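Everything below belongs to input_24.cif, which stores mmCIF, C-alpha atoms and all ligand atoms.
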```cif
data_coords
loop_
_atom_site.label_atom_id
_atom_site.label_comp_id
_atom_site.auth_asym_id
_atom_site.auth_seq_id
_atom_site.Cartn_x
_atom_site.Cartn_y
_atom_site.Cartn_z
CA MET A 220 -12.41 15.06 -21.53
CA GLN A 221 -9.18 16.18 -23.23
CA ALA A 222 -7.86 14.15 -26.18
CA PHE A 223 -4.85 11.93 -25.51
CA ASP A 224 -3.00 9.11 -27.27
CA TYR A 225 -3.21 5.52 -26.12
CA ALA A 226 -0.41 2.98 -26.50
CA SER A 227 -0.06 -0.55 -25.24
CA ALA A 228 3.46 -1.82 -24.50
CA ARG A 229 4.30 -5.52 -24.74
CA THR A 230 7.76 -5.40 -23.18
CA VAL A 231 9.48 -3.54 -20.35
CA ASP A 232 11.95 -1.96 -22.81
CA GLU A 233 9.15 -0.67 -25.02
CA ALA A 234 7.42 0.93 -22.02
CA VAL A 235 10.64 2.49 -20.71
CA SER A 236 11.46 3.96 -24.12
CA LEU A 237 7.96 5.51 -24.55
CA LEU A 238 8.04 6.92 -21.01
CA ALA A 239 11.53 8.35 -21.54
CA GLN A 240 10.42 9.95 -24.81
CA HIS A 241 7.28 11.65 -23.39
CA GLY A 242 8.47 12.46 -19.85
CA GLU A 243 5.81 13.87 -17.53
CA ARG A 244 3.25 14.08 -20.37
CA ALA A 245 2.93 10.28 -20.33
CA ARG A 246 1.23 8.30 -17.56
CA ILE A 247 0.92 4.58 -17.06
CA LEU A 248 -2.57 3.11 -17.37
CA ALA A 249 -3.09 0.11 -15.08
CA GLY A 250 -6.68 -0.36 -13.84
CA GLY A 251 -7.53 3.26 -14.67
CA THR A 252 -9.66 3.78 -11.54
CA ASP A 253 -7.63 6.84 -10.52
CA ILE A 254 -6.08 8.13 -13.75
CA ILE A 255 -9.21 8.02 -15.91
CA VAL A 256 -11.18 9.92 -13.26
CA GLN A 257 -8.40 12.51 -12.93
CA VAL A 258 -8.08 13.08 -16.69
CA ARG A 259 -11.84 13.23 -17.15
CA GLU A 260 -12.19 15.81 -14.37
CA GLY A 261 -9.30 17.88 -15.76
CA ARG A 262 -7.21 17.30 -12.63
CA ARG A 263 -4.40 15.82 -14.73
CA SER A 264 -3.41 16.62 -18.28
CA VAL A 265 -1.65 13.94 -20.36
CA ASP A 266 -0.53 13.41 -23.97
CA LEU A 267 -0.20 9.64 -23.67
CA LEU A 268 -1.72 6.91 -21.54
CA LEU A 269 0.54 3.88 -21.70
CA ASP A 270 -1.20 0.58 -20.98
CA ILE A 271 1.18 -1.89 -19.34
CA LYS A 272 -1.21 -4.82 -18.88
CA LYS A 273 0.26 -6.83 -21.79
CA ILE A 274 3.75 -6.88 -20.23
CA PRO A 275 4.31 -10.33 -18.62
CA GLU A 276 6.38 -9.02 -15.66
CA VAL A 277 3.57 -6.79 -14.35
CA ASN A 278 1.11 -9.70 -14.32
CA GLN A 279 3.17 -12.04 -12.11
CA LEU A 280 1.52 -13.39 -8.99
CA SER A 281 3.53 -16.09 -7.25
CA TYR A 282 3.96 -17.21 -3.67
CA ASP A 283 6.01 -19.83 -1.92
CA PRO A 284 6.99 -20.05 1.75
CA ILE A 285 10.74 -19.81 0.96
CA ASN A 286 10.80 -16.90 -1.48
CA GLY A 287 7.71 -15.01 -0.38
CA LEU A 288 5.25 -13.17 -2.58
CA ARG A 289 5.84 -11.44 -5.94
CA ILE A 290 2.94 -9.29 -7.13
CA GLY A 291 3.13 -7.63 -10.53
CA ALA A 292 2.21 -3.94 -10.52
CA ALA A 293 -0.83 -4.52 -12.77
CA VAL A 294 -2.39 -7.43 -10.86
CA PRO A 295 -5.92 -6.40 -9.84
CA CYS A 296 -6.94 -6.63 -6.17
CA TYR A 297 -9.42 -9.49 -6.61
CA LYS A 298 -6.74 -11.84 -7.97
CA ILE A 299 -4.73 -11.36 -4.77
CA TYR A 300 -7.50 -12.20 -2.29
CA GLU A 301 -8.90 -15.00 -4.48
CA GLN A 302 -5.73 -17.08 -4.02
CA ALA A 303 -6.26 -19.02 -0.79
CA GLU A 304 -2.55 -19.58 -0.12
CA ILE A 305 -1.80 -15.86 -0.40
CA ALA A 306 -4.84 -14.89 1.67
CA THR A 307 -3.73 -17.28 4.44
CA ALA A 308 -0.10 -16.12 4.42
CA TYR A 309 -0.78 -12.35 4.22
CA PRO A 310 -4.12 -11.53 5.90
CA GLY A 311 -2.85 -8.03 6.71
CA LEU A 312 -2.52 -7.31 2.98
CA ILE A 313 -5.93 -8.84 2.27
CA ASP A 314 -7.46 -6.45 4.86
CA ALA A 315 -6.40 -3.58 2.59
CA VAL A 316 -6.98 -4.95 -0.93
CA SER A 317 -10.45 -6.22 -0.07
CA LEU A 318 -11.71 -2.83 1.08
CA ILE A 319 -10.64 -0.74 -1.93
CA GLY A 320 -13.85 0.66 -3.42
CA GLY A 321 -16.29 -2.20 -4.05
CA ILE A 322 -16.21 -5.42 -6.01
CA GLN A 323 -16.23 -3.66 -9.41
CA ILE A 324 -13.31 -1.41 -8.46
CA GLN A 325 -11.40 -4.42 -7.09
CA GLY A 326 -11.78 -6.06 -10.50
CA ARG A 327 -9.67 -3.27 -12.05
CA ALA A 328 -7.69 -1.50 -9.30
CA THR A 329 -4.09 -2.59 -8.81
CA LEU A 330 -1.61 -2.38 -5.95
CA GLY A 331 0.79 -0.62 -8.32
CA GLY A 332 -1.78 2.07 -9.14
CA ASN A 333 -2.64 2.54 -5.48
CA LEU A 334 1.03 3.18 -4.66
CA CYS A 335 1.95 5.23 -7.76
CA ASN A 336 -1.10 7.49 -7.37
CA ALA A 337 0.61 8.39 -4.07
CA SER A 338 -2.48 9.47 -2.16
CA PRO A 339 -1.62 9.97 1.53
CA ALA A 340 -4.82 8.00 2.29
CA ALA A 341 -4.17 5.03 -0.04
CA ASP A 342 -5.22 1.91 1.84
CA THR A 343 -2.66 -0.61 0.64
CA ILE A 344 0.46 1.47 1.38
CA PRO A 345 0.53 1.13 5.22
CA ALA A 346 -0.29 -2.58 4.84
CA LEU A 347 2.62 -3.05 2.41
CA ILE A 348 5.00 -1.05 4.62
CA VAL A 349 4.41 -3.16 7.74
CA LEU A 350 4.92 -6.33 5.67
CA GLN A 351 8.35 -4.97 4.58
CA ALA A 352 7.37 -4.91 0.92
CA THR A 353 9.85 -3.62 -1.65
CA CYS A 354 9.23 -2.13 -5.10
CA LEU A 355 11.05 -3.29 -8.23
CA ILE A 356 11.37 -0.30 -10.57
CA ALA A 357 12.35 -0.53 -14.26
CA GLY A 358 14.01 2.35 -16.08
CA PRO A 359 16.56 3.37 -18.71
CA GLN A 360 19.42 2.21 -16.43
CA GLY A 361 17.89 -1.21 -15.70
CA THR A 362 16.06 -2.11 -12.49
CA ARG A 363 16.34 -0.90 -8.90
CA GLU A 364 14.63 -1.97 -5.68
CA VAL A 365 13.37 0.34 -2.92
CA PRO A 366 11.32 -0.21 0.24
CA VAL A 367 7.69 0.89 -0.14
CA GLU A 368 8.07 3.47 2.68
CA ARG A 369 10.59 5.39 0.53
CA PHE A 370 8.47 5.46 -2.64
CA CYS A 371 6.09 8.39 -2.07
CA THR A 372 7.59 11.87 -1.72
CA GLY A 373 4.40 13.96 -1.42
CA PRO A 374 0.73 13.91 -2.39
CA GLY A 375 0.69 12.53 -5.97
CA ARG A 376 4.52 12.51 -6.09
CA THR A 377 6.92 9.55 -6.10
CA ILE A 378 10.61 8.76 -6.51
CA LEU A 379 10.02 7.58 -10.11
CA GLN A 380 12.37 9.35 -12.53
CA ARG A 381 11.88 10.00 -16.25
CA GLY A 382 11.48 6.69 -18.10
CA GLU A 383 10.84 4.68 -14.93
CA PHE A 384 7.81 2.65 -13.90
CA LEU A 385 6.90 0.17 -11.19
CA LEU A 386 7.27 -3.46 -12.25
CA SER A 387 6.32 -5.44 -9.15
CA PHE A 388 6.32 -5.79 -5.37
CA HIS A 389 8.14 -8.37 -3.29
CA LEU A 390 7.00 -9.36 0.20
CA PRO A 391 9.25 -11.57 2.31
CA PRO A 392 7.73 -14.86 3.53
CA PRO A 393 5.84 -14.50 6.81
CA GLN A 394 7.96 -15.41 9.85
CA LYS A 395 6.80 -17.94 12.44
CA HIS A 396 4.64 -16.43 15.21
CA SER A 397 3.95 -13.31 13.16
CA GLY A 398 0.76 -11.49 12.20
CA ALA A 399 -0.39 -8.26 10.60
CA ARG A 400 -3.56 -6.17 10.48
CA TYR A 401 -4.70 -3.09 8.56
CA LEU A 402 -7.59 -0.96 9.81
CA ARG A 403 -9.05 2.31 8.58
CA PHE A 404 -11.69 4.63 9.90
CA ILE A 405 -14.37 5.89 7.51
CA PRO A 406 -17.69 7.39 8.59
CA ARG A 407 -19.67 4.83 6.56
CA ASN A 408 -19.15 1.15 5.82
CA GLU A 409 -17.55 1.32 2.36
CA MET A 410 -16.71 3.48 -0.68
CA ASP A 411 -15.00 6.24 1.26
CA ILE A 412 -11.50 7.64 1.71
CA ALA A 413 -9.71 6.75 4.95
CA VAL A 414 -9.90 9.48 7.59
CA VAL A 415 -7.00 7.57 9.14
CA GLY A 416 -5.52 4.17 8.22
CA VAL A 417 -3.11 2.14 10.38
CA GLY A 418 -1.16 -1.00 9.56
CA ALA A 419 0.61 -3.07 12.24
CA SER A 420 2.70 -6.22 12.15
CA ALA A 421 4.23 -8.15 15.03
CA VAL A 422 6.63 -11.04 15.44
CA LEU A 423 6.20 -12.76 18.84
CA ASN A 424 8.42 -15.11 20.83
CA GLU A 425 7.53 -18.81 20.89
CA ALA A 426 5.66 -18.49 24.18
CA HIS A 427 3.63 -15.59 22.74
CA THR A 428 4.43 -13.42 25.75
CA ARG A 429 6.81 -10.88 24.16
CA PHE A 430 7.29 -8.91 20.96
CA VAL A 431 10.39 -9.87 19.01
CA SER A 432 9.74 -6.94 16.65
CA ALA A 433 6.87 -4.78 15.42
CA ARG A 434 6.15 -2.32 12.62
CA ILE A 435 3.46 0.35 12.51
CA ALA A 436 2.54 2.49 9.49
CA LEU A 437 0.09 5.37 9.24
CA GLY A 438 -2.06 6.66 6.38
CA ALA A 439 -3.90 9.99 5.89
CA VAL A 440 -2.02 11.85 8.64
CA ALA A 441 0.90 13.35 6.67
CA PRO A 442 1.75 14.25 3.03
CA THR A 443 2.89 10.63 2.56
CA PRO A 444 2.14 7.35 4.36
CA LEU A 445 4.52 7.07 7.34
CA LEU A 446 6.51 4.23 8.90
CA ALA A 447 6.31 4.93 12.65
CA VAL A 448 9.85 3.74 13.41
CA GLU A 449 9.96 4.63 17.12
CA ALA A 450 6.55 3.10 17.81
CA GLY A 451 7.86 -0.23 16.51
CA GLU A 452 11.18 0.06 18.37
CA ILE A 453 9.36 0.66 21.68
CA LEU A 454 7.82 -2.82 21.41
CA ALA A 455 10.90 -4.81 20.37
CA GLY A 456 11.81 -7.32 23.09
CA LYS A 457 9.01 -6.06 25.38
CA GLU A 458 6.25 -7.96 27.12
CA ILE A 459 2.86 -7.95 25.42
CA SER A 460 0.90 -5.65 27.72
CA GLU A 461 -1.69 -2.89 27.48
CA GLU A 462 0.90 -0.43 28.83
CA ASN A 463 3.47 -1.22 26.12
CA ILE A 464 0.84 -1.12 23.38
CA GLN A 465 -0.33 2.26 24.73
CA ARG A 466 3.26 3.60 24.65
CA ALA A 467 3.60 2.51 21.01
CA ALA A 468 0.26 4.16 20.17
CA GLU A 469 1.45 7.41 21.76
CA ALA A 470 4.70 7.26 19.76
CA ALA A 471 2.64 6.80 16.58
CA GLN A 472 0.47 9.80 17.52
CA ALA A 473 3.62 11.88 18.07
CA ILE A 474 4.77 11.55 14.43
CA ALA A 475 1.33 12.16 12.87
CA ARG A 476 1.08 15.56 11.16
CA PRO A 477 -2.60 15.55 10.16
CA ILE A 478 -4.54 18.36 8.51
CA SER A 479 -8.10 19.44 9.27
CA ASP A 480 -10.50 18.99 6.35
CA MET A 481 -14.12 18.03 5.69
CA ARG A 482 -13.46 14.46 6.82
CA GLY A 483 -12.05 15.33 10.23
CA THR A 484 -10.03 17.79 12.29
CA ALA A 485 -6.33 17.31 13.00
CA ALA A 486 -7.13 16.60 16.68
CA TYR A 487 -9.71 13.97 15.72
CA ARG A 488 -7.25 12.29 13.36
CA ARG A 489 -4.53 12.23 16.02
CA HIS A 490 -6.99 10.62 18.43
CA LEU A 491 -7.86 8.02 15.77
CA VAL A 492 -4.18 7.19 15.28
CA GLY A 493 -4.05 6.15 18.95
CA VAL A 494 -7.23 4.08 18.78
CA LEU A 495 -6.40 2.36 15.49
CA THR A 496 -2.77 1.67 16.43
CA ARG A 497 -3.90 -0.16 19.57
CA ARG A 498 -6.56 -2.11 17.66
CA ALA A 499 -4.29 -2.96 14.72
CA LEU A 500 -1.58 -4.18 17.11
CA GLN A 501 -4.11 -6.32 19.00
CA GLY A 502 -5.28 -7.75 15.67
CA ALA A 503 -1.70 -8.49 14.58
CA ILE A 504 -1.02 -10.23 17.93
CA GLN A 505 -4.18 -12.35 17.61
CA ARG A 506 -3.14 -13.43 14.13
CA ALA A 507 0.39 -14.20 15.32
CA LYS A 508 -1.15 -16.42 18.01
CA LYS A 509 -3.47 -17.88 15.34
CA GLU A 510 -6.46 -16.67 17.36
CA ALA A 511 -7.97 -14.86 14.38
C1 LIG B 1 -15.30 4.39 -6.60
C2 LIG B 1 -13.86 4.35 -6.17
C3 LIG B 1 -13.56 3.89 -4.90
C4 LIG B 1 -12.23 3.85 -4.45
N1 LIG B 1 -11.97 3.38 -3.19
C5 LIG B 1 -10.70 3.36 -2.74
C6 LIG B 1 -10.41 2.89 -1.42
O1 LIG B 1 -11.30 2.47 -0.66
N2 LIG B 1 -9.11 2.91 -1.01
C7 LIG B 1 -8.09 3.35 -1.81
O2 LIG B 1 -6.94 3.34 -1.38
N3 LIG B 1 -8.34 3.79 -3.07
C8 LIG B 1 -9.60 3.81 -3.55
N4 LIG B 1 -9.86 4.26 -4.83
C9 LIG B 1 -8.75 4.73 -5.68
C10 LIG B 1 -8.22 3.67 -6.69
O3 LIG B 1 -9.18 2.69 -7.00
C11 LIG B 1 -6.95 2.98 -6.16
O4 LIG B 1 -5.97 3.95 -5.87
C12 LIG B 1 -6.41 1.93 -7.15
O5 LIG B 1 -5.61 1.01 -6.47
C13 LIG B 1 -5.64 2.52 -8.30
O6 LIG B 1 -5.20 1.45 -9.13
P1 LIG B 1 -5.38 1.49 -10.73
O7 LIG B 1 -4.76 0.26 -11.23
O8 LIG B 1 -6.80 1.73 -11.10
O9 LIG B 1 -4.49 2.76 -11.06
P2 LIG B 1 -4.50 3.71 -12.34
O10 LIG B 1 -5.66 4.63 -12.27
O11 LIG B 1 -4.30 2.94 -13.58
O12 LIG B 1 -3.16 4.53 -12.03
C14 LIG B 1 -3.07 5.37 -10.88
C15 LIG B 1 -1.82 6.25 -11.00
O13 LIG B 1 -0.65 5.47 -10.85
C16 LIG B 1 0.14 5.49 -12.06
N5 LIG B 1 0.59 4.11 -12.25
C17 LIG B 1 -0.20 2.99 -12.24
N6 LIG B 1 0.55 1.90 -12.35
C18 LIG B 1 1.84 2.32 -12.45
C19 LIG B 1 3.10 1.65 -12.58
N7 LIG B 1 3.17 0.33 -12.64
N8 LIG B 1 4.22 2.40 -12.63
C20 LIG B 1 4.15 3.76 -12.59
N9 LIG B 1 3.01 4.45 -12.47
C21 LIG B 1 1.86 3.74 -12.39
C22 LIG B 1 -0.79 6.00 -13.14
O14 LIG B 1 -0.09 6.64 -14.18
C23 LIG B 1 -1.68 6.93 -12.36
O15 LIG B 1 -1.05 8.18 -12.17
C24 LIG B 1 -11.18 4.30 -5.31
C25 LIG B 1 -11.49 4.74 -6.61
C26 LIG B 1 -12.81 4.77 -7.04
C27 LIG B 1 -13.11 5.25 -8.44
#
```
Exercise: express the given structure as structure tokens:
Amino acid sequence: MQAFDYASARTVDEAVSLLAQHGERARILAGGTDIIVQVREGRRSVDLLLDIKKIPEVNQLSYDPINGLRIGAAVPCYKIYEQAEIATAYPGLIDAVSLIGGIQIQGRATLGGNLCNASPAADTIPALIVLQATCLIAGPQGTREVPVERFCTGPGRTILQRGEFLLSFHLPPPQKHSGARYLRFIPRNEMDIAVVGVGASAVLNEAHTRFVSARIALGAVAPTPLLAVEAGEILAGKEISEENIQRAAEAAQAIARPISDMRGTAAYRRHLVGVLTRRALQGAIQRAKKEA
């Protein structure tokens, strides 16, 4: 393993100034479950790993039904699903955080690291996108907020500029008659990378007969996770029916640009997008109706 310096920042300003000074040769250390592996295997070369876990803002975890959910970038997965109120309000997010690696990985791995590592197959990104999560980014010019779907720009690449890092996520409070679900396909039960991942959320009318709105997001079928805009628009205002769900699934398949690799061919992945979109939508509807 190459030699590198370690520093631990206690404030946002301290972290921003160290990141600005070192540029691309510095990387944030959150849980370390991606970055340590990459440095050890020589897949990434760094001069400085900057630990952010002592900065108060990245450790926030607060929820209330008026303001929604604030999750600091360095909060490990297990803390999110251990809070009953959060687990009840955001089951679609819990689907994703509770399947990252195994229990040991979930004790370290963070939502911030999952997003900033920018893997096209990262499990939490489609779940965050359908829940309309936004990212609060700190940098030399202060803070800025962007929707999660605009954060990744390519495999391992993000919109973060020199001196910037991710502070926290905000998720709006769940609307009445709404539900969300995240599903992935892997050839075994756990500890694998998604062949395809699909997140879906739906807001229903009071009678639970129609979609008010819906969002669908796809993982592992393009260089970045994708918000399937048209697939969601197809459902808005429409009756809940197999036909409409099928049309949305086809629209999701149409924007997938999968590759063929050892985990599956492009055709197989496109097929999975259809299957998982239908199932994730059905799961979101069940949760909106409080059937699941
Ligand atoms: C055995 C194993 C199983 C895994 N299983 C899964 C899985 O099922 N699904 C899945 O999606 N992933 C999986 N992963 C990958 C990894 O655990 C996740 O991506 C995890 O969420 C990364 O979080 P972390 O806190 O460990 O990130 P780190 O390794 O600390 O950081 C990851 C990257 O993001 C950057 N970064 C971290 N935080 C910030 C920030 N706040 N601002 C700017 N940059 C930041 C780092 O510099 C680094 O480049 C697995 C990994 C292992 C080792």
Got a sec: who's within 6 Å of A:Asn278, counting only C-alpha atoms, leaving out chain neighbours fewer than 2 positions off, as a tab-separated table (two decimals) with C-alpha atoms, in the coordinates of the input?
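Listed below is the output, out_27.tsv:
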```
chain	number	residue	atom	x	y	z
A	275	PRO	CA	4.31	-10.33	-18.62
A	276	GLU	CA	6.38	-9.02	-15.66
A	291	GLY	CA	3.13	-7.63	-10.53
A	293	ALA	CA	-0.83	-4.52	-12.77
A	294	VAL	CA	-2.39	-7.43	-10.86
```
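The two atoms in question, atom C20 of ligand LIG 1 (chain B) and atom CA of A:Arg376, are spaced 10.9 Å apart.
Atom to atom, atom CA of A:Pro374 and atom CA of A:Leu312 stand 22.1 Å apart.
As for atom CA of A:Ser432 and atom CA of A:Ala292, they are spaced 28.4 Å apart.
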**Prompt:** If you count only C-alpha atoms, which residues fall within 10 Å of A:Leu237, apart from same-chain ones fewer than 5 positions away, as a PyMOL selection string?
**Reply:** chain A and resi 226+228+232+242+245+267+269+382
**Among listed residues A:Glu409, A:Glu368, A:Glu461, A:Glu452, nearest A:Ile324 (using all atoms listed in the file)** = A:Glu409
**Asked** Of the candidates A:Ala475, A:Cys296, A:Val431, A:Val231, which shows the shortest atom-to-atom distance to A:Leu318, using all atoms listed in the file?
**Response** A:Cys296
Write out, as CSV, each residue of chain A that has an atom at most 8 Å from ligand LIG 1 (chain B), together with the closest pair of atoms and their distance in Å to one decimal, counting only C-alpha atoms and all ligand atoms, rows going by chain and rising number.
```
residue,atom,partner,partner_atom,distance
A:Ala245,CA,B:LIG1,O14,7.8
A:Arg246,CA,B:LIG1,O14,4.0
A:Ile247,CA,B:LIG1,O14,3.7
A:Leu248,CA,B:LIG1,O11,4.2
A:Ala249,CA,B:LIG1,O11,3.4
A:Gly250,CA,B:LIG1,O7,3.3
A:Gly251,CA,B:LIG1,O10,3.3
A:Thr252,CA,B:LIG1,O8,3.5
A:Asp253,CA,B:LIG1,O10,3.4
A:Ile254,CA,B:LIG1,O10,3.8
A:Ile255,CA,B:LIG1,O10,6.1
A:Val256,CA,B:LIG1,C27,7.0
A:Leu268,CA,B:LIG1,O14,7.5
A:Ile271,CA,B:LIG1,N7,7.3
A:Val277,CA,B:LIG1,N7,7.3
A:Ala292,CA,B:LIG1,N7,4.9
A:Ala293,CA,B:LIG1,N7,6.3
A:Pro295,CA,B:LIG1,O7,6.9
A:Cys296,CA,B:LIG1,O5,7.8
A:Ala315,CA,B:LIG1,N2,7.9
A:Leu318,CA,B:LIG1,O1,5.6
A:Ile319,CA,B:LIG1,O1,3.5
A:Gly320,CA,B:LIG1,N1,3.3
A:Gly321,CA,B:LIG1,C3,6.7
A:Ile324,CA,B:LIG1,O3,6.0
A:Gln325,CA,B:LIG1,O3,7.4
A:Arg327,CA,B:LIG1,O8,5.8
A:Ala328,CA,B:LIG1,O8,3.8
A:Thr329,CA,B:LIG1,O7,3.8
A:Leu330,CA,B:LIG1,O5,5.3
A:Gly331,CA,B:LIG1,N6,4.8
A:Gly332,CA,B:LIG1,O9,3.4
A:Asn333,CA,B:LIG1,O5,3.5
A:Leu334,CA,B:LIG1,O13,6.8
A:Cys335,CA,B:LIG1,O13,4.0
A:Asn336,CA,B:LIG1,C15,3.9
A:Ala337,CA,B:LIG1,O13,7.5
A:Ser338,CA,B:LIG1,O4,7.5
A:Ala340,CA,B:LIG1,O2,6.3
A:Ala341,CA,B:LIG1,O2,3.5
A:Asp342,CA,B:LIG1,O2,3.9
A:Thr343,CA,B:LIG1,O2,6.2
A:Ile356,CA,B:LIG1,N8,7.9
A:Gly375,CA,B:LIG1,O15,7.8
A:Leu379,CA,B:LIG1,C20,7.4
A:Glu383,CA,B:LIG1,C20,7.1
A:Phe384,CA,B:LIG1,N8,3.8
A:Leu385,CA,B:LIG1,N8,3.8
A:Leu386,CA,B:LIG1,N7,5.6
A:Ser387,CA,B:LIG1,N7,7.4
A:Glu409,CA,B:LIG1,O1,7.0
A:Met410,CA,B:LIG1,C3,5.3
A:Asp411,CA,B:LIG1,O1,5.6
A:Ile412,CA,B:LIG1,O1,5.7
A:Ala413,CA,B:LIG1,N2,7.1
```
**Prompt:** Need the neighbours of (-10.1, 11.1, -26.1): which residues are at most 12 Å away, counting all atoms listed in the file, as number ranges by chain?
**Reply:** A: 220-225, 255, 258-259, 264-268
